[in-house]
Every structure is written in C-alpha cells, then in structure tokens.
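Before any comments, here is the structure.
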Amino acid sequence: MAIMNVNPTRMEMNRLQTRLSTATRGHKLLKDKQDELVRQFTKLVKQNQDLRKEMEETLQKGMQDYVLASSSMADYVLEEAFAIPLDKITLDVQSRTVMNIEMPVLNEIYDDEQSEDRFSYGFMATTSELDLALNHLSSILPKMLKLAEIEKSCQMMADEIERTRRRVNALEYMMIPQLEETIDYIERTLDESERATLTRLMKSIDVIEAED
C-alpha cells in the first residue's frame, strides 16, 4: 500500500488520525448497513419465490378451467362473454422507505361504481368451468402487482448492496490501510528526528563539558 504524500509533522499526523477514526466509524456503519441490506434482500427473495409459485399455480388452474370451458363453448359465446368489462381498475403507485431506499408500493383501485355482479355475462350459454377460470384469473392481479413490487424492490436493494459493498471494500482495503501506514511512517520519521536531535544535543553537551 502506497504511503500518502504528506509532510511528516505532528500536526499532519493528528489530522490523519482524525481521518482514520472517522473512516473506521464509517466502515462499521456501512458494514452494519450492508449486513442489514443482505438480510432484507434474502427475506424479499424468499417472499418472491413463494408468491411466484402461488401465482403460477393459480394461473395454471385458471388456464386449465379456461381450456375446458373453451372446448365446450362456441367461440362467439366466449367473445360475447368478454366483450364488456365488468370493472374499471386504476393502478396506484406509492413508495416506502427501507434503509434509505425508496421502494415501490403497487395497489389496485377499483372504480367507485364497481358492479356487485361477479361476472359480466349470463349463465345460459356459459359453463361452470368459465366461472372457475375467471375466479382464478381475477385473483391473480393483486398477486401480480405484489410480485412486481417485490421484484423491483429486490433489484433496487441489490444495486444498493453492490454500492455499499464497494464503499466498504474501498475503506477496508484502501483508505484505512493507507492512513494507518502513513501514520506509522510519520511516527517513525518523528521518532528518528527526535533521536537525531537528542544525539546532537548530547554531543553538544559533551563538547561544552570538554572545553570547560
């Protein structure tokens, strides 16, 4: 590790010792932050895996029921069943702060005039499989929004972990060792200077005593 280009004075040593103390405290804080970020990230990844599995199972059930319904219904009946949407939904995007990271919060907002009917079609020409399919598929939207929220949060947290890791490594392997070596160099230089001064002083005393 290269020693910093500084004047080997006591004032400079005191200044570097202050910087070293600050860097050491900063390293500890950043390391604690990194550990907490990793813990939060691991928790989010587990939630992401569980929710994705749940959503895929629901989607699979919904598609199976839809395939059964479409196989026993005419195409024009299916088109008429989905021609008119039952509800109007708006996406509400908010945010929450976790470890100084602004993470998204996604919620669906249904129109105030939400219909009390569960389906937008009559039951005369449709089958129960279509009802089951729509029940499964309609429950996916909140899960999809939650999954998108978690995956975006994971991405943002992973970026913050990488930035924090680089700062921790810069302090741990560059700045702190460089400050320590520079302070050690100044201390050695000052000690040598004091010994040289003391030696000259003792020689001067010997010369004066010899002349007397």
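By order of appearance in the structure tokens: chains A, B, ..., then residues from 1 within every chain, and ligands from 1 in the order shown.
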Practice item. Would you please extract all helix (DSSP H, G or I) residues from region 6-168 of chain A, as assigned by DSSP on the backbone, and give them as a PyMOL selection string? Key: chain A and resi 10-71+75-81+128-138+140-168
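Contact shell of region 127-137 of chain A at 9 Å (only C-alpha atoms; same-chain neighbours under 5 positions omitted): Thr58, Leu59, Gln60, Lys61, Gly62, Met63, Gln64, Asp65, Tyr66, Val67, Leu68, Ala69, Ser70, Ser72, Met73, Arg118 and Phe119 of chain A.
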Point to revise | A:Leu198, A:Ile183, A:Val45, A:Leu51 ranked by distance to Gln155 (chain A), top pick (using only C-alpha atoms) | key: A:Val45
Review point. Could you pull the residues within 8 Å of Leu147 (chain A), counting only C-alpha atoms, minus those fewer than 2 positions along the same chain, as a list in words?
Key: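 Here the qualifying residues turn out to be Asn48, Leu51, Arg52, Lys143, Met144, Leu145, Glu149, Ile150 and Glu151 of chain A.
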Check your understanding: as a list of chain:residue names, which residues of chain A does DSSP assign to strand (DSSP E)?
Key ->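 In chain A, DSSP puts these residues in strand (DSSP E): A:Ile89, A:Thr90, A:Leu91, A:Asp92, A:Val93, A:Gln94, A:Ser95, A:Arg96, A:Thr97, A:Val98, A:Ile101, A:Glu102, A:Met103, A:Pro104, A:Val105, A:Leu106, A:Asn107, A:Glu108, A:Ile109, A:Tyr110.
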Practice item. Would you list the contacts of Leu171 (chain A) as a ChimeraX atom specification, taking every protein, DNA or RNA residue within 8 Å and counting only C-alpha atoms, but skipping same-chain residues closer than 5 positions in sequence? Key: /A:23-24,27,176
Exercise for review: Name all residues at most 12 Å from Arg163 (chain A) (count only C-alpha atoms; drop same-chain ones fewer than 6 positions away) and give them as an NGL selection string.
Suggested key: :A and (30-31 or 33-34 or 37 or 156-157 or 169-170)
Write out, as an mmCIF file, in the first residue's frame, the residues just selected, with N, CA, C and O atoms.
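File again31.cif, as written:
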```cif
data_model
loop_
_atom_site.group_PDB
_atom_site.id
_atom_site.type_symbol
_atom_site.label_atom_id
_atom_site.label_comp_id
_atom_site.auth_asym_id
_atom_site.auth_seq_id
_atom_site.Cartn_x
_atom_site.Cartn_y
_atom_site.Cartn_z
ATOM 1 N N LEU A 30 -21.222 1.326 7.572
ATOM 2 C CA LEU A 30 -21.525 0.780 6.259
ATOM 3 C C LEU A 30 -21.595 -0.740 6.279
ATOM 4 O O LEU A 30 -22.422 -1.343 5.586
ATOM 5 N N LYS A 31 -20.728 -1.376 7.085
ATOM 6 C CA LYS A 31 -20.753 -2.837 7.177
ATOM 7 C C LYS A 31 -22.055 -3.297 7.836
ATOM 8 O O LYS A 31 -22.659 -4.286 7.382
ATOM 9 N N LYS A 33 -24.846 -1.642 7.730
ATOM 10 C CA LYS A 33 -25.880 -1.394 6.713
ATOM 11 C C LYS A 33 -25.881 -2.505 5.677
ATOM 12 O O LYS A 33 -26.950 -2.990 5.272
ATOM 13 N N GLN A 34 -24.707 -2.915 5.240
ATOM 14 C CA GLN A 34 -24.604 -3.990 4.251
ATOM 15 C C GLN A 34 -25.211 -5.288 4.793
ATOM 16 O O GLN A 34 -25.960 -5.971 4.081
ATOM 17 N N LEU A 37 -28.960 -4.926 4.807
ATOM 18 C CA LEU A 37 -29.477 -4.982 3.438
ATOM 19 C C LEU A 37 -29.530 -6.417 2.934
ATOM 20 O O LEU A 37 -30.505 -6.826 2.301
ATOM 21 N N MET A 156 -33.651 -2.980 -6.732
ATOM 22 C CA MET A 156 -33.135 -1.756 -6.125
ATOM 23 C C MET A 156 -32.244 -2.076 -4.933
ATOM 24 O O MET A 156 -31.194 -1.442 -4.738
ATOM 25 N N MET A 157 -32.633 -3.079 -4.140
ATOM 26 C CA MET A 157 -31.841 -3.438 -2.968
ATOM 27 C C MET A 157 -30.524 -4.083 -3.385
ATOM 28 O O MET A 157 -29.485 -3.855 -2.748
ATOM 29 N N ASN A 169 -15.428 -2.001 0.822
ATOM 30 C CA ASN A 169 -14.130 -2.509 0.366
ATOM 31 C C ASN A 169 -13.119 -1.379 0.171
ATOM 32 O O ASN A 169 -11.931 -1.546 0.470
ATOM 33 N N ALA A 170 -13.599 -0.225 -0.330
ATOM 34 C CA ALA A 170 -12.689 0.907 -0.522
ATOM 35 C C ALA A 170 -12.121 1.374 0.813
ATOM 36 O O ALA A 170 -10.930 1.701 0.916
#
```
Which polymer residues have any atom within 7 Å of an atom of Leu91 (chain A), counting only C-alpha atoms, with same-chain residues fewer than 6 positions away left out, as a compact mmCIF listing (two decimals) with N, CA and C atoms, in the first residue's frame?
```txt
# COMPACT_ATOMS: atom_id res chain seq x y z
N LEU A 106 -47.43 -0.98 -4.95
CA LEU A 106 -48.42 -1.00 -6.02
C LEU A 106 -49.75 -1.53 -5.48
N ASN A 107 -50.82 -0.79 -5.75
CA ASN A 107 -52.16 -1.20 -5.31
C ASN A 107 -53.15 -0.97 -6.44
N GLU A 108 -54.13 -1.86 -6.51
CA GLU A 108 -55.19 -1.67 -7.50
C GLU A 108 -56.36 -0.94 -6.85
N ILE A 109 -56.94 0.01 -7.57
CA ILE A 109 -58.09 0.77 -7.08
C ILE A 109 -59.25 0.52 -8.03
```
Point to revise | Residue among A:Ser153, A:Ile186, A:Gln178, A:Met99 lying closest to Ala2 (chain A), counting only C-alpha atoms | key: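 Closest candidate: A:Gln178.
Minimum atom-to-atom distances from A:Lys146, A:Lys43, A:Arg10, A:Lys203 to Asp184 (chain A) were compared using only C-alpha atoms, and the lowest value belongs to A:Arg10.
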Exercise for review: Grab the CA of Ala158 (chain A) to CA of Ser139 (chain A) distance for me, in Å with one decimal place.
Suggested key: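 CA of Ser139 (chain A) lies at a distance of 29.3 Å from CA of Ala158 (chain A).
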Practice item. Could you give me, as a PyMOL selection string, the residues within 12 Å of Ser193 (chain A), counting only C-alpha atoms and dropping anything in the same chain fewer than 6 positions from it? Key: chain A and resi 8-10+186-187+199-200
Can I get the selected residues back with N, CA and C atoms, as a tab-separated table (two decimals), in the first residue's frame?
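Output saved as again_7.tsv:
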```tsv
chain	number	residue	atom	x	y	z
A	8	PRO	N	5.74	14.92	7.10
A	8	PRO	CA	5.77	14.13	8.34
A	8	PRO	C	5.87	15.00	9.58
A	9	THR	N	4.79	15.70	9.87
A	9	THR	CA	4.75	16.56	11.05
A	9	THR	C	3.71	16.04	12.03
A	10	ARG	N	3.83	16.49	13.28
A	10	ARG	CA	2.88	16.03	14.29
A	10	ARG	C	1.47	16.54	13.99
A	186	ILE	N	4.84	8.49	9.59
A	186	ILE	CA	5.09	9.78	10.24
A	186	ILE	C	5.63	9.55	11.65
A	187	GLU	N	5.07	8.58	12.38
A	187	GLU	CA	5.55	8.29	13.73
A	187	GLU	C	7.02	7.85	13.70
A	199	THR	N	20.62	13.09	19.98
A	199	THR	CA	22.04	12.74	19.78
A	199	THR	C	22.88	13.98	19.59
A	200	ARG	N	22.39	14.91	18.76
A	200	ARG	CA	23.13	16.16	18.54
A	200	ARG	C	23.25	16.95	19.83
```
Check your understanding: Which residue gives the smallest distance to Arg15 (chain A) among A:Ile205, A:Val38, A:Met103, A:Leu179, with only C-alpha atoms counted?
Key ->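 Among A:Ile205, A:Val38, A:Met103, A:Leu179, it is A:Leu179 that comes nearest to Arg15 (chain A).
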